[in-house]
Amino acid sequence: MLIILTKRTFAKEKDFGIPVISIGNIIVGGSGKTPIAIKLASKYDNACVILRGYGRASKGLYVISNKGQILEDISVSGDEAMLLAKSLPNATIIVSEDRSKAILKAKELKCKIVFLDDGFSKYNIKKFNILLRPKNEPTNFYCLPSGGYREPKGLYAYADLELKEGKDFNRIITIKKNTKDDKEVALNENVIVLTAISKPKRLLEFLPKDTKLLAYPDHHTFLESEIEDIKEKYKEYQILTTGKDLVKLESFDIKNLYLMDLDIKIENIVDFSMMKEYIKNYD
């Protein structure tokens, strides 16, 4: 904890001459960073979303999509970056362990605004910090490895804007056949969720109480042998999956696969005026 506070206190922020909006959290596990990034980036022209690219087979900086044109496959991008690329047909998506290099690349590609997916801990970058809070905070307030926080809970005070799930934003789930463009479908009696996301049990709150859950580790790369077993064992089921999982599963031709299409509703009470003023300063 002391190391984190020291790094934050003495870090020198670099202004890249482009508005940078960080969407982050300080708890362990998913809290909605990627869907919030999609929601916000979709409102801007020439936007770029930058992320590390967890679960990818590549290393280094890659432009996954350039103004909507997808340039790499999922082995290079990782699941989250490919979901962003397919969800933001007018944006640029870059993966890089070094966010500073990625921001410079975004400027080279003539992007006008950058969104950092999971950028709160990048203390050396001048940015507008949005921090997401879960509906329920971890009961163990210590930091990793013993607690439920990645950084001290007191760092919520460093947020320029704080968004709490259940108050400031809510998730809306619609069941569709394979793609976001499909119409909503009804669930039958036999339903199973196939997923490889953090905290998969949270999906069950949107589904019937007898729904089965088949969960793999976060960012798991599905094997053909695994999918063949699932297709045989659950051929009488509707197999539901998330958008992040679908980009990895769509190549397996699972006939009874359905998408849990996630949308984010940001409530009217949220005041984005400070963020808009920050962006305006770069015009």
# chains A, B, ... in the order shown; residues from 1 in each chain; ligands from 1
call {"tool": "select_by_dssp", "arguments": {"residues": "region 134-235 of chain A", "states": "strand (DSSP E or B)", "output": "list of chain:residue names"}}
result
A:Cys143, A:Tyr149, A:Leu161, A:Glu162, A:Leu163, A:Lys164, A:Glu165, A:Phe169, A:Asn170, A:Arg171, A:Ile172, A:Ile173, A:Thr174, A:Ile175, A:Lys176, A:Glu184, A:Val191, A:Ile192, A:Val193, A:Leu194, A:Thr195, A:Lys212, A:Leu213, A:Leu214, A:Ala215
call {"tool": "write_last_selection", "arguments": {"atoms": "C-alpha atoms", "output": "short mmCIF file (atom, residue, chain, number, x, y, z; two decimals), in the first residue's frame"}}
result
data_model
loop_
_atom_site.label_atom_id
_atom_site.label_comp_id
_atom_site.auth_asym_id
_atom_site.auth_seq_id
_atom_site.Cartn_x
_atom_site.Cartn_y
_atom_site.Cartn_z
CA CYS A 143 -5.05 -4.85 -1.11
CA TYR A 149 -8.62 -4.31 -3.69
CA LEU A 161 -15.74 11.22 -11.74
CA GLU A 162 -17.04 8.24 -9.80
CA LEU A 163 -19.70 5.93 -11.24
CA LYS A 164 -21.40 3.41 -8.96
CA GLU A 165 -23.23 0.45 -10.44
CA PHE A 169 -25.25 3.10 -14.24
CA ASN A 170 -26.99 -0.22 -14.75
CA ARG A 171 -26.45 -3.22 -16.98
CA ILE A 172 -29.24 -4.22 -19.35
CA ILE A 173 -29.12 -7.77 -20.72
CA THR A 174 -31.01 -8.90 -23.83
CA ILE A 175 -30.84 -12.48 -25.16
CA LYS A 176 -30.16 -12.65 -28.90
CA GLU A 184 -34.50 -10.58 -28.77
CA VAL A 191 -30.31 -22.88 -20.17
CA ILE A 192 -26.56 -22.89 -19.51
CA VAL A 193 -24.07 -20.03 -19.48
CA LEU A 194 -20.69 -20.72 -21.07
CA THR A 195 -18.15 -18.05 -20.17
CA LYS A 212 -26.49 -23.75 -15.10
CA LEU A 213 -23.06 -22.11 -15.18
CA LEU A 214 -20.04 -23.48 -17.03
CA ALA A 215 -17.22 -21.09 -16.18
#
call {"tool": "residues_around", "arguments": {"residues": "Asn188 (chain A)", "least_positions_apart": "2", "cutoff": "12 Å", "atoms": "only C-alpha atoms", "output": "list in words"}}
result
Ile175, Val185, Ala186, Asn190, Val191, Ile192, Leu207, Pro208, Asp210, Thr211, Glu236, Tyr237, Gln238, Ile239, Leu240, Asn256 and Tyr258 of chain A
call {"tool": "atom_distance", "arguments": {"atom1": "CA of Val114 (chain A)", "atom2": "CA of Ile50 (chain A)"}}
result
7.1 Å
call {"tool": "atom_distance", "arguments": {"atom1": "CA of Gly53 (chain A)", "atom2": "CA of Leu246 (chain A)"}}
result
16.4 Å
call {"tool": "closest_atom_pairs", "arguments": {"of": "region 247-266 of chain A", "to": "region 23-38 of chain A", "cutoff": "9 Å", "atoms": "only C-alpha atoms", "output": "Markdown table"}}
result
| residue | atom | partner | partner_atom | distance |
| --- | --- | --- | --- | --- |
| A:Leu262 | CA | A:Pro35 | CA | 7.6 |
| A:Asp263 | CA | A:Pro35 | CA | 7.2 |
| A:Ile264 | CA | A:Pro35 | CA | 6.7 |
| A:Ile266 | CA | A:Ile36 | CA | 8.9 |
call {"tool": "atom_distance", "arguments": {"atom1": "CA of His219 (chain A)", "atom2": "CA of Gly55 (chain A)"}}
result
5.2 Å
call {"tool": "residues_around", "arguments": {"residues": "Ala91 (chain A)", "least_positions_apart": "5", "cutoff": "7 Å", "atoms": "only C-alpha atoms", "output": "list of chain:residue names"}}
result
A:Asn46, A:Ala47, A:Cys48, A:Asn66, A:Lys67, A:Gly68
call {"tool": "closest_residue", "arguments": {"among": "A:Asp168, A:Asp117, A:Asp181, A:Asp245", "to": "Ala41 (chain A)", "atoms": "only C-alpha atoms"}}
result
A:Asp117
call {"tool": "closest_residue", "arguments": {"among": "A:Gly119, A:Gly147, A:Pro134, A:Pro89", "to": "Ser22 (chain A)", "atoms": "only C-alpha atoms"}}
result
A:Gly119
call {"tool": "residues_around", "arguments": {"residues": "Lys86 (chain A)", "least_positions_apart": "6", "cutoff": "12 Å", "atoms": "only C-alpha atoms", "output": "compact mmCIF listing (two decimals) with N, CA and C atoms, in the first residue's frame"}}
result
# COMPACT_ATOMS: atom_id res chain seq x y z
N ILE A 38 -17.01 1.30 -24.20
CA ILE A 38 -17.77 1.23 -25.45
C ILE A 38 -18.84 2.32 -25.47
N SER A 42 -18.33 5.55 -28.11
CA SER A 42 -19.26 5.57 -29.24
C SER A 42 -19.83 6.96 -29.49
N ILE A 64 -5.34 -2.86 -33.57
CA ILE A 64 -6.30 -3.94 -33.84
C ILE A 64 -7.33 -3.50 -34.87
N SER A 65 -7.78 -2.27 -34.76
CA SER A 65 -8.66 -1.72 -35.79
C SER A 65 -8.32 -0.25 -35.97
N ASN A 66 -8.45 0.20 -37.21
CA ASN A 66 -8.17 1.60 -37.53
C ASN A 66 -9.43 2.21 -38.14
N LYS A 67 -10.09 3.06 -37.35
CA LYS A 67 -11.35 3.67 -37.77
C LYS A 67 -12.34 2.62 -38.28
N GLY A 68 -12.41 1.52 -37.53
CA GLY A 68 -13.40 0.49 -37.81
C GLY A 68 -12.89 -0.68 -38.64
N GLN A 69 -11.79 -0.51 -39.34
CA GLN A 69 -11.25 -1.61 -40.15
C GLN A 69 -10.40 -2.53 -39.28
N ILE A 70 -10.88 -3.76 -39.08
CA ILE A 70 -10.17 -4.71 -38.22
C ILE A 70 -8.95 -5.24 -38.95
N LEU A 71 -7.78 -5.11 -38.31
CA LEU A 71 -6.51 -5.42 -38.95
C LEU A 71 -5.84 -6.68 -38.42
N GLU A 72 -6.25 -7.16 -37.26
CA GLU A 72 -5.61 -8.32 -36.64
C GLU A 72 -6.67 -9.34 -36.22
N ASP A 73 -6.22 -10.59 -35.96
CA ASP A 73 -7.15 -11.59 -35.47
C ASP A 73 -7.13 -11.64 -33.96
N ILE A 74 -7.97 -12.50 -33.40
CA ILE A 74 -8.17 -12.49 -31.95
C ILE A 74 -6.95 -12.99 -31.18
N SER A 77 -5.15 -9.78 -30.73
CA SER A 77 -5.88 -8.74 -30.00
C SER A 77 -6.22 -9.11 -28.57
N ASP A 79 -9.47 -11.10 -26.24
CA ASP A 79 -10.93 -11.05 -26.34
C ASP A 79 -11.51 -9.65 -26.14
N GLU A 80 -11.02 -8.91 -25.15
CA GLU A 80 -11.59 -7.59 -24.87
C GLU A 80 -11.36 -6.62 -26.02
N THR A 92 -10.77 3.49 -33.33
CA THR A 92 -9.48 2.81 -33.45
C THR A 92 -9.18 2.11 -32.13
N ILE A 93 -8.73 0.86 -32.22
CA ILE A 93 -8.42 0.08 -31.02
C ILE A 93 -6.95 -0.31 -31.05
N THR A 179 -25.67 -12.44 -32.59
CA THR A 179 -25.10 -11.10 -32.77
C THR A 179 -25.97 -10.02 -32.15
N LYS A 180 -25.37 -8.86 -31.94
CA LYS A 180 -26.07 -7.71 -31.37
C LYS A 180 -27.22 -7.26 -32.26
N ASP A 181 -27.11 -7.53 -33.56
CA ASP A 181 -28.12 -7.05 -34.50
C ASP A 181 -29.37 -7.92 -34.54
N GLY A 243 -20.56 -11.15 -24.80
CA GLY A 243 -19.92 -10.60 -25.99
C GLY A 243 -18.43 -10.86 -26.01
N LYS A 244 -17.80 -10.79 -24.86
CA LYS A 244 -16.36 -11.04 -24.77
C LYS A 244 -16.02 -12.48 -25.12
N LEU A 246 -18.07 -14.45 -27.01
CA LEU A 246 -18.56 -14.75 -28.36
C LEU A 246 -17.48 -14.56 -29.41
N VAL A 247 -16.63 -13.56 -29.24
CA VAL A 247 -15.59 -13.32 -30.25
C VAL A 247 -14.61 -14.48 -30.33
call {"tool": "closest_residue", "arguments": {"among": "A:Lys127, A:Ala102, A:Ala196, A:Leu257", "to": "Tyr282 (chain A)", "atoms": "only C-alpha atoms"}}
result
A:Lys127
call {"tool": "select_by_dssp", "arguments": {"residues": "region 18-232 of chain A", "states": "alpha helix (DSSP H)", "output": "number ranges by chain"}}
result
A: 33-41, 74-77, 79-87, 99-108, 224-232
call {"tool": "write_last_selection", "arguments": {"atoms": "C-alpha atoms", "output": "PDB file, in the first residue's frame"}}
result
ATOM      1  CA  LYS A  33     -14.776  -1.058 -17.618  1.00  0.00           C
ATOM      2  CA  THR A  34     -15.066  -2.395 -21.165  1.00  0.00           C
ATOM      3  CA  PRO A  35     -18.831  -1.819 -21.649  1.00  0.00           C
ATOM      4  CA  ILE A  36     -18.484   1.677 -20.153  1.00  0.00           C
ATOM      5  CA  ALA A  37     -15.583   2.354 -22.548  1.00  0.00           C
ATOM      6  CA  ILE A  38     -17.773   1.235 -25.450  1.00  0.00           C
ATOM      7  CA  LYS A  39     -20.644   3.422 -24.280  1.00  0.00           C
ATOM      8  CA  LEU A  40     -18.536   6.566 -23.921  1.00  0.00           C
ATOM      9  CA  ALA A  41     -16.258   6.104 -26.947  1.00  0.00           C
ATOM     10  CA  ILE A  74      -8.166 -12.491 -31.947  1.00  0.00           C
ATOM     11  CA  SER A  75      -4.894 -14.246 -31.114  1.00  0.00           C
ATOM     12  CA  VAL A  76      -3.141 -10.894 -31.546  1.00  0.00           C
ATOM     13  CA  SER A  77      -5.877  -8.737 -30.003  1.00  0.00           C
ATOM     14  CA  ASP A  79     -10.932 -11.053 -26.338  1.00  0.00           C
ATOM     15  CA  GLU A  80     -11.590  -7.592 -24.871  1.00  0.00           C
ATOM     16  CA  ALA A  81      -9.851  -5.710 -27.686  1.00  0.00           C
ATOM     17  CA  MET A  82     -11.714  -7.700 -30.350  1.00  0.00           C
ATOM     18  CA  LEU A  83     -15.016  -7.016 -28.586  1.00  0.00           C
ATOM     19  CA  LEU A  84     -14.162  -3.298 -28.618  1.00  0.00           C
ATOM     20  CA  ALA A  85     -13.194  -3.442 -32.302  1.00  0.00           C
ATOM     21  CA  LYS A  86     -16.476  -5.093 -33.284  1.00  0.00           C
ATOM     22  CA  SER A  87     -18.585  -2.878 -31.011  1.00  0.00           C
ATOM     23  CA  ARG A  99       0.124   3.032 -22.744  1.00  0.00           C
ATOM     24  CA  SER A 100       2.336   6.051 -23.461  1.00  0.00           C
ATOM     25  CA  LYS A 101       3.549   4.535 -26.745  1.00  0.00           C
ATOM     26  CA  ALA A 102      -0.028   3.671 -27.620  1.00  0.00           C
ATOM     27  CA  ILE A 103      -1.195   7.259 -27.063  1.00  0.00           C
ATOM     28  CA  LEU A 104       1.549   8.517 -29.384  1.00  0.00           C
ATOM     29  CA  LYS A 105       0.408   5.963 -31.973  1.00  0.00           C
ATOM     30  CA  ALA A 106      -3.183   7.180 -31.595  1.00  0.00           C
ATOM     31  CA  LYS A 107      -2.018  10.751 -32.312  1.00  0.00           C
ATOM     32  CA  GLU A 108      -0.061   9.511 -35.343  1.00  0.00           C
ATOM     33  CA  GLU A 224     -11.895 -27.494 -29.980  1.00  0.00           C
ATOM     34  CA  SER A 225     -12.029 -30.622 -27.806  1.00  0.00           C
ATOM     35  CA  GLU A 226     -13.701 -28.635 -25.002  1.00  0.00           C
ATOM     36  CA  ILE A 227     -16.298 -27.196 -27.354  1.00  0.00           C
ATOM     37  CA  GLU A 228     -17.058 -30.573 -28.951  1.00  0.00           C
ATOM     38  CA  ASP A 229     -17.711 -32.026 -25.491  1.00  0.00           C
ATOM     39  CA  ILE A 230     -19.969 -29.086 -24.614  1.00  0.00           C
ATOM     40  CA  LYS A 231     -21.880 -29.339 -27.901  1.00  0.00           C
ATOM     41  CA  GLU A 232     -22.594 -33.004 -27.239  1.00  0.00           C
TER      42      GLU A 232
END
call {"tool": "closest_residue", "arguments": {"among": "A:Phe120, A:Lys183, A:Lys110, A:Phe128", "to": "Tyr156 (chain A)", "atoms": "only C-alpha atoms"}}
result
A:Phe120
